[in-house]
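The file work_32.cif contains mmCIF, C-alpha atoms:
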data_start
#
loop_
_atom_site.group_PDB
_atom_site.id
_atom_site.type_symbol
_atom_site.label_atom_id
_atom_site.label_comp_id
_atom_site.auth_asym_id
_atom_site.auth_seq_id
_atom_site.Cartn_x
_atom_site.Cartn_y
_atom_site.Cartn_z
ATOM 1 C CA MET A 18 -41.637 15.626 72.434
ATOM 2 C CA ALA A 19 -43.678 17.101 69.620
ATOM 3 C CA GLU A 20 -43.875 15.197 66.363
ATOM 4 C CA LEU A 21 -42.924 16.440 62.928
ATOM 5 C CA LEU A 22 -45.736 15.805 60.430
ATOM 6 C CA LEU A 23 -44.658 15.646 56.801
ATOM 7 C CA ILE A 24 -47.470 16.049 54.282
ATOM 8 C CA ARG A 25 -46.862 15.591 50.584
ATOM 9 C CA HIS A 26 -49.297 17.534 48.409
ATOM 10 C CA GLY A 27 -51.999 15.737 46.467
ATOM 11 C CA GLU A 28 -51.687 14.539 42.912
ATOM 12 C CA THR A 29 -51.053 16.925 40.003
ATOM 13 C CA ALA A 30 -51.131 16.063 36.311
ATOM 14 C CA TRP A 31 -47.339 15.932 36.229
ATOM 15 C CA SER A 32 -46.897 13.875 39.398
ATOM 16 C CA ARG A 33 -49.457 11.435 37.976
ATOM 17 C CA ASP A 34 -47.386 11.165 34.784
ATOM 18 C CA GLY A 35 -44.021 10.897 36.552
ATOM 19 C CA ARG A 36 -42.754 14.260 35.285
ATOM 20 C CA HIS A 37 -40.305 16.150 37.517
ATOM 21 C CA THR A 38 -42.109 19.214 38.855
ATOM 22 C CA SER A 39 -40.355 21.887 40.856
ATOM 23 C CA TRP A 40 -41.163 25.519 40.021
ATOM 24 C CA THR A 41 -43.985 24.800 37.548
ATOM 25 C CA ASP A 42 -47.001 25.836 39.621
ATOM 26 C CA LEU A 43 -49.577 23.185 38.751
ATOM 27 C CA PRO A 44 -52.937 22.800 40.529
ATOM 28 C CA LEU A 45 -54.137 19.591 42.096
ATOM 29 C CA THR A 46 -56.129 17.190 39.959
ATOM 30 C CA GLU A 47 -59.591 16.171 41.138
ATOM 31 C CA ARG A 48 -57.993 13.056 42.588
ATOM 32 C CA GLY A 49 -55.353 15.231 44.266
ATOM 33 C CA GLU A 50 -58.067 17.296 45.930
ATOM 34 C CA ARG A 51 -59.733 14.116 47.203
ATOM 35 C CA GLN A 52 -56.373 12.885 48.522
ATOM 36 C CA ALA A 53 -55.870 16.141 50.429
ATOM 37 C CA GLU A 54 -59.372 16.075 51.908
ATOM 38 C CA ALA A 55 -58.852 12.446 52.964
ATOM 39 C CA LEU A 56 -55.986 13.561 55.223
ATOM 40 C CA ARG A 57 -58.358 15.427 57.554
ATOM 41 C CA PRO A 58 -59.158 12.478 59.856
ATOM 42 C CA ALA A 59 -55.453 11.800 60.430
ATOM 43 C CA LEU A 60 -54.830 15.434 61.371
ATOM 44 C CA GLU A 61 -58.006 16.630 63.130
ATOM 45 C CA GLY A 62 -57.255 15.136 66.517
ATOM 46 C CA ARG A 63 -53.677 16.384 66.701
ATOM 47 C CA ASP A 64 -52.421 19.449 68.555
ATOM 48 C CA ILE A 65 -50.635 21.222 65.713
ATOM 49 C CA ALA A 66 -48.841 24.362 66.850
ATOM 50 C CA LEU A 67 -47.219 25.381 63.572
ATOM 51 C CA VAL A 68 -48.056 24.740 59.907
ATOM 52 C CA LEU A 69 -45.549 25.679 57.210
ATOM 53 C CA THR A 70 -46.211 25.211 53.498
ATOM 54 C CA SER A 71 -44.274 25.505 50.295
ATOM 55 C CA PRO A 72 -45.337 28.640 48.407
ATOM 56 C CA LEU A 73 -46.560 26.585 45.440
ATOM 57 C CA VAL A 74 -50.307 26.258 44.919
ATOM 58 C CA ARG A 75 -50.362 22.454 45.095
ATOM 59 C CA ALA A 76 -48.991 22.568 48.654
ATOM 60 C CA VAL A 77 -51.038 25.557 49.815
ATOM 61 C CA ARG A 78 -54.241 23.973 48.498
ATOM 62 C CA THR A 79 -53.412 20.631 50.126
ATOM 63 C CA ALA A 80 -53.036 22.370 53.503
ATOM 64 C CA GLU A 81 -56.407 24.074 53.051
ATOM 65 C CA LEU A 82 -58.234 20.907 52.040
ATOM 66 C CA ALA A 83 -56.603 18.915 54.843
ATOM 67 C CA GLY A 84 -58.062 21.387 57.350
ATOM 68 C CA LEU A 85 -54.778 22.897 58.500
ATOM 69 C CA LYS A 86 -55.358 26.424 59.804
ATOM 70 C CA GLY A 87 -52.993 29.377 60.022
ATOM 71 C CA ALA A 88 -50.419 28.044 57.587
ATOM 72 C CA GLU A 89 -47.325 30.166 56.971
ATOM 73 C CA THR A 90 -45.463 30.093 53.666
ATOM 74 C CA GLU A 91 -41.833 28.955 53.914
ATOM 75 C CA PRO A 92 -39.836 29.459 50.678
ATOM 76 C CA ASP A 93 -37.263 26.837 51.701
ATOM 77 C CA LEU A 94 -39.982 24.165 51.479
ATOM 78 C CA ARG A 95 -40.162 24.432 47.676
ATOM 79 C CA GLU A 96 -39.358 21.322 45.671
ATOM 80 C CA TRP A 97 -35.882 20.324 44.480
ATOM 81 C CA ASP A 98 -34.952 22.621 41.578
ATOM 82 C CA TYR A 99 -34.730 20.146 38.696
ATOM 83 C CA GLY A 100 -33.037 22.631 36.356
ATOM 84 C CA GLY A 101 -32.992 21.240 32.827
ATOM 85 C CA TYR A 102 -35.057 18.219 33.909
ATOM 86 C CA GLU A 103 -38.202 20.201 34.730
ATOM 87 C CA GLY A 104 -41.182 18.391 33.215
ATOM 88 C CA VAL A 105 -39.073 15.402 32.127
ATOM 89 C CA THR A 106 -39.608 11.800 33.286
ATOM 90 C CA THR A 107 -36.873 9.596 34.741
ATOM 91 C CA ALA A 108 -37.232 7.190 31.792
ATOM 92 C CA ASP A 109 -36.583 10.027 29.338
ATOM 93 C CA ILE A 110 -33.533 11.209 31.286
ATOM 94 C CA GLN A 111 -32.082 7.711 31.436
ATOM 95 C CA ARG A 112 -32.247 7.373 27.658
ATOM 96 C CA ASP A 113 -29.488 10.003 27.519
ATOM 97 C CA ARG A 114 -27.891 9.227 30.888
ATOM 98 C CA PRO A 115 -28.154 5.465 31.580
ATOM 99 C CA GLY A 116 -28.163 4.756 35.288
ATOM 100 C CA TRP A 117 -28.994 8.348 36.211
ATOM 101 C CA PHE A 118 -30.361 8.648 39.750
ATOM 102 C CA LEU A 119 -31.498 11.995 41.162
ATOM 103 C CA PHE A 120 -30.234 11.473 44.707
ATOM 104 C CA ASP A 121 -26.726 10.606 43.510
ATOM 105 C CA ASP A 122 -26.353 12.589 40.297
ATOM 106 C CA GLY A 123 -28.377 15.783 40.718
ATOM 107 C CA VAL A 124 -29.770 17.467 37.620
ATOM 108 C CA ALA A 125 -28.771 19.065 34.333
ATOM 109 C CA PRO A 126 -28.315 22.859 34.361
ATOM 110 C CA GLY A 127 -31.447 24.842 33.623
ATOM 111 C CA PRO A 128 -32.186 28.479 32.784
ATOM 112 C CA PRO A 129 -30.564 31.229 34.900
ATOM 113 C CA GLU A 130 -33.640 31.614 37.124
ATOM 114 C CA HIS A 131 -33.790 27.843 37.714
ATOM 115 C CA PRO A 132 -30.228 26.513 37.435
ATOM 116 C CA GLY A 133 -30.902 23.247 39.264
ATOM 117 C CA GLU A 134 -29.750 21.977 42.652
ATOM 118 C CA SER A 135 -27.380 19.299 43.864
ATOM 119 C CA PRO A 136 -28.449 16.915 46.641
ATOM 120 C CA GLU A 137 -26.221 18.913 49.018
ATOM 121 C CA GLU A 138 -27.941 22.191 48.135
ATOM 122 C CA VAL A 139 -31.356 20.678 48.790
ATOM 123 C CA GLY A 140 -29.964 19.314 52.063
ATOM 124 C CA ALA A 141 -28.835 22.810 53.061
ATOM 125 C CA ARG A 142 -32.372 24.122 52.578
ATOM 126 C CA ALA A 143 -33.750 21.227 54.605
ATOM 127 C CA ASP A 144 -31.284 22.043 57.378
ATOM 128 C CA ARG A 145 -32.523 25.643 57.438
ATOM 129 C CA VAL A 146 -36.117 24.478 57.833
ATOM 130 C CA LEU A 147 -35.113 22.095 60.617
ATOM 131 C CA ALA A 148 -33.200 24.872 62.375
ATOM 132 C CA ARG A 149 -36.279 27.105 62.201
ATOM 133 C CA ILE A 150 -38.489 24.515 63.915
ATOM 134 C CA ALA A 151 -35.908 22.946 66.257
ATOM 135 C CA SER A 152 -37.035 24.754 69.407
ATOM 136 C CA ARG A 153 -40.678 23.837 68.804
ATOM 137 C CA LEU A 154 -39.819 20.172 68.306
ATOM 138 C CA ALA A 155 -37.750 20.194 71.499
ATOM 139 C CA ASP A 156 -40.613 21.674 73.532
ATOM 140 C CA GLY A 157 -42.624 18.747 74.844
ATOM 141 C CA VAL A 158 -45.818 20.778 75.281
ATOM 142 C CA ALA A 159 -45.774 23.119 72.265
ATOM 143 C CA GLY A 160 -47.614 20.801 69.884
ATOM 144 C CA ASP A 161 -46.715 19.232 66.564
ATOM 145 C CA VAL A 162 -45.184 20.934 63.537
ATOM 146 C CA ALA A 163 -46.705 20.199 60.120
ATOM 147 C CA LEU A 164 -44.786 20.756 56.887
ATOM 148 C CA VAL A 165 -46.762 20.641 53.638
ATOM 149 C CA ALA A 166 -44.434 20.311 50.694
ATOM 150 C CA HIS A 167 -43.079 18.081 47.941
ATOM 151 C CA GLY A 168 -41.901 14.503 47.587
ATOM 152 C CA HIS A 169 -38.194 14.785 46.887
ATOM 153 C CA PHE A 170 -37.666 17.718 49.233
ATOM 154 C CA LEU A 171 -39.443 16.007 52.124
ATOM 155 C CA ARG A 172 -37.408 12.853 51.540
ATOM 156 C CA VAL A 173 -34.184 14.853 51.854
ATOM 157 C CA LEU A 174 -35.521 16.636 54.941
ATOM 158 C CA THR A 175 -36.339 13.268 56.502
ATOM 159 C CA ALA A 176 -32.790 12.066 55.912
ATOM 160 C CA ARG A 177 -31.361 15.214 57.485
ATOM 161 C CA ARG A 178 -33.702 14.999 60.503
ATOM 162 C CA LEU A 179 -32.489 11.433 61.062
ATOM 163 C CA GLY A 180 -28.835 12.474 60.816
ATOM 164 C CA LEU A 181 -28.280 10.996 57.351
ATOM 165 C CA PRO A 182 -26.765 12.594 54.228
ATOM 166 C CA PRO A 183 -29.178 14.172 51.719
ATOM 167 C CA SER A 184 -28.694 11.274 49.300
ATOM 168 C CA ALA A 185 -30.262 8.949 51.872
ATOM 169 C CA GLY A 186 -33.604 10.529 50.996
ATOM 170 C CA ALA A 187 -33.634 7.854 48.298
ATOM 171 C CA LEU A 188 -34.585 5.341 51.001
ATOM 172 C CA PHE A 189 -37.919 7.023 51.815
ATOM 173 C CA ARG A 190 -40.549 6.587 49.107
ATOM 174 C CA LEU A 191 -43.232 9.241 49.488
ATOM 175 C CA ASP A 192 -46.501 9.171 47.544
ATOM 176 C CA THR A 193 -48.866 12.062 46.847
ATOM 177 C CA GLY A 194 -51.528 12.876 49.419
ATOM 178 C CA THR A 195 -49.768 11.220 52.338
ATOM 179 C CA VAL A 196 -48.838 12.096 55.905
ATOM 180 C CA SER A 197 -45.725 10.791 57.674
ATOM 181 C CA ARG A 198 -44.552 11.308 61.241
ATOM 182 C CA ILE A 199 -41.119 11.693 62.771
ATOM 183 C CA GLY A 200 -40.984 11.585 66.548
ATOM 184 C CA THR A 201 -38.285 10.524 68.970
ATOM 185 C CA GLU A 202 -37.099 7.463 70.828
ATOM 186 C CA HIS A 203 -34.780 7.931 73.809
ATOM 187 C CA GLY A 204 -34.283 11.542 72.792
ATOM 188 C CA ARG A 205 -33.268 10.780 69.206
ATOM 189 C CA PRO A 206 -35.321 11.395 66.048
ATOM 190 C CA ALA A 207 -37.080 8.261 64.797
ATOM 191 C CA LEU A 208 -39.723 7.394 62.225
ATOM 192 C CA VAL A 209 -43.134 6.825 63.794
ATOM 193 C CA ALA A 210 -45.271 6.358 60.669
ATOM 194 C CA TRP A 211 -44.486 6.673 56.987
ATOM 195 C CA ASN A 212 -46.330 7.323 53.718
ATOM 196 C CA GLY A 213 -49.799 6.981 55.222
ATOM 197 C CA ARG A 214 -52.838 7.521 53.055
ATOM 198 C CA VAL A 215 -56.528 7.364 53.913
ATOM 199 C CA GLY A 216 -58.841 6.595 50.991
ATOM 200 C CA ALA A 217 -58.809 8.599 47.714
#

Whole structure, structure tokens version:
Amino acid sequence: MAELLLIRHGETAWSRDGRHTSWTDLPLTERGERQAEALRPALEGRDIALVLTSPLVRAVRTAELAGLKGAETEPDLREWDYGGYEGVTTADIQRDRPGWFLFDDGVAPGPPEHPGESPEEVGARADRVLARIASRLADGVAGDVALVAHGHFLRVLTARRLGLPPSAGALFRLDTGTVSRIGTEHGRPALVAWNGRVGA
């Protein structure tokens, strides 16, 4: 069976500062560019048949620097829409909402063009991505599928791939500039490697 490679983009100024970043289209920091370049050795020897990226520049640039060729943009790979929490840290949110937790509570409503998403809505997008790549993952000779996207979205997608509810994405910490792998064991999806970083 092919493996699913999950690549979180490199560091941005907001990810460094712990600020929720969905639609704000920030570039990578210098460190983020080094993180993306450092992924090359982990990816170069793999037979990757399909590369899909979020449309946001931090993901597209990470794919380029990691040496992934022929990437296609997939709008459903964008980050969780944080609505009214865009650019806000968890500590700041919890001052007004003690005990707030993204994977359980979702976000505050935002502007009409970015109203925010519930965990279930993010899970529905993840399911669409998984449906798009299902036949490739089932084909034992087609090669791996690489998804270059964002931390919270990829955590939800991981939960859905493993048959868990979207809120179970909380169990999978995912740092910037990392590659993770989901393969199979006895025909069922299983984690192979998680949150791997090389240098940077």

For the file shown, report as a list in words the outcome of the PyMOL selection byres ((chain A and resi 53-63) around 9) at residue level.
->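 Evaluating the PyMOL selection byres ((chain A and resi 53-63) around 9) on this file yields Ile24, His26, Gly27, Glu28, Arg48, Gly49, Glu50, Arg51, Gln52, Asp64, Ile65, Arg78, Thr79, Ala80, Glu81, Leu82, Ala83, Gly84, Leu85, Gly160, Asp161, Thr193, Gly194, Thr195, Val196, Arg214, Val215, Gly216 and Ala217 of chain A.
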
Expanded to explicit residues, what is the PyMOL selection byres ((chain A and resi 140-155) around 9) for this file, as number ranges by chain?
-> A: 18-21, 66-67, 91, 93-94, 135-139, 156-162, 170-171, 173-178, 182-184, 200

Atom-to-atom span, CA of Glu134 in chain A and CA of Asp121 in chain A, Å | 11.8 Å

Non-local contacts of Pro126 in chain A (7 Å; only C-alpha atoms; under 4 positions in same chain excluded) as a VMD selection string = chain A and resid 100 to 101 132 to 133

Could you please take those selected residues and save C-alpha atoms as a PDB file, in the frame of the given file?
ATOM      1  CA  GLY A 100     -33.037  22.631  36.356  1.00  0.00           C
ATOM      2  CA  GLY A 101     -32.992  21.240  32.827  1.00  0.00           C
ATOM      3  CA  PRO A 132     -30.228  26.513  37.435  1.00  0.00           C
ATOM      4  CA  GLY A 133     -30.902  23.247  39.264  1.00  0.00           C
TER       5      GLY A 133
END

Skipping near chain neighbours, those fewer than 4 positions away, what residues fall within 12 Å of Ile110 in chain A using all atoms listed in the file, listed as an MDAnalysis selection string?
-> chainID A and resid 35:37 99 101:106 114:119 122:125

C-alpha atoms of the current selection, written as a short mmCIF file (atom, residue, chain, number, x, y, z; two decimals), in the coordinates of the input:
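Result went into again17.cif, see below:
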data_model
loop_
_atom_site.label_atom_id
_atom_site.label_comp_id
_atom_site.auth_asym_id
_atom_site.auth_seq_id
_atom_site.Cartn_x
_atom_site.Cartn_y
_atom_site.Cartn_z
CA GLY A 35 -44.02 10.90 36.55
CA ARG A 36 -42.75 14.26 35.28
CA HIS A 37 -40.30 16.15 37.52
CA TYR A 99 -34.73 20.15 38.70
CA GLY A 101 -32.99 21.24 32.83
CA TYR A 102 -35.06 18.22 33.91
CA GLU A 103 -38.20 20.20 34.73
CA GLY A 104 -41.18 18.39 33.22
CA VAL A 105 -39.07 15.40 32.13
CA THR A 106 -39.61 11.80 33.29
CA ARG A 114 -27.89 9.23 30.89
CA PRO A 115 -28.15 5.46 31.58
CA GLY A 116 -28.16 4.76 35.29
CA TRP A 117 -28.99 8.35 36.21
CA PHE A 118 -30.36 8.65 39.75
CA LEU A 119 -31.50 12.00 41.16
CA ASP A 122 -26.35 12.59 40.30
CA GLY A 123 -28.38 15.78 40.72
CA VAL A 124 -29.77 17.47 37.62
CA ALA A 125 -28.77 19.07 34.33
#

Spatial neighbours of Val74 in chain A, 9 Å, only C-alpha atoms, chain gap at least 6 places, as a PyMOL selection string | chain A and resi 42-45

Kindly export the residues of the current selection with C-alpha atoms, as a PDB file, in the coordinates of the input.
ATOM      1  CA  ASP A  42     -47.001  25.836  39.621  1.00  0.00           C
ATOM      2  CA  LEU A  43     -49.577  23.185  38.751  1.00  0.00           C
ATOM      3  CA  PRO A  44     -52.937  22.800  40.529  1.00  0.00           C
ATOM      4  CA  LEU A  45     -54.137  19.591  42.096  1.00  0.00           C
TER       5      LEU A  45
END

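In this model, the gap between CA of Leu73 in chain A and CA of Trp40 in chain A comes to 7.7 Å.
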
Could you state the separation of CA of Ala30 in chain A and CA of Thr46 in chain A in Å, given to one decimal place?
->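 According to the coordinates, CA of Ala30 in chain A and CA of Thr46 in chain A are separated by 6.3 Å.
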
Closest of A:Arg95, A:Phe189, A:Ser71, A:Asp34 to Thr107 in chain A - atom-to-atom distances counting all atoms listed in the file | A:Asp34

Residues within 7 Å of range 209-211 of chain A, only C-alpha atoms, excluding chain neighbours under 2 positions, as a list in words =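 Once the adjacent positions are removed, what remains is Ser197, Arg198, Ile199, Gly200, Ala207 and Gly213 of chain A.
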
Which residue of A:Leu69, A:Ala76, A:Pro128, A:Leu179 approaches Arg205 in chain A most closely, using only C-alpha atoms =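 Of all the options, A:Leu179 lies closest to Arg205 in chain A.
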
Kindly indicate which residue among A:Ala108, A:Val68, A:Leu22, A:Ala163 lies nearest to Gly87 in chain A, using all atoms listed in the file for the distances.
-> A:Val68

Around all listed atoms of range 169-180 of chain A, padded 8 Å per side, what centre and edge lengths does the axis-aligned box have in Å to one decimal, as JSON?
{"center_x": -34.1, "center_y": 14.6, "center_z": 54.0, "size_x": 26.6, "size_y": 22.3, "size_z": 30.2}

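The nearest approach to Arg75 in chain A among the residues A:His203, A:Arg190, A:His169, A:Arg25, with only C-alpha atoms taken into account, belongs to A:Arg25.
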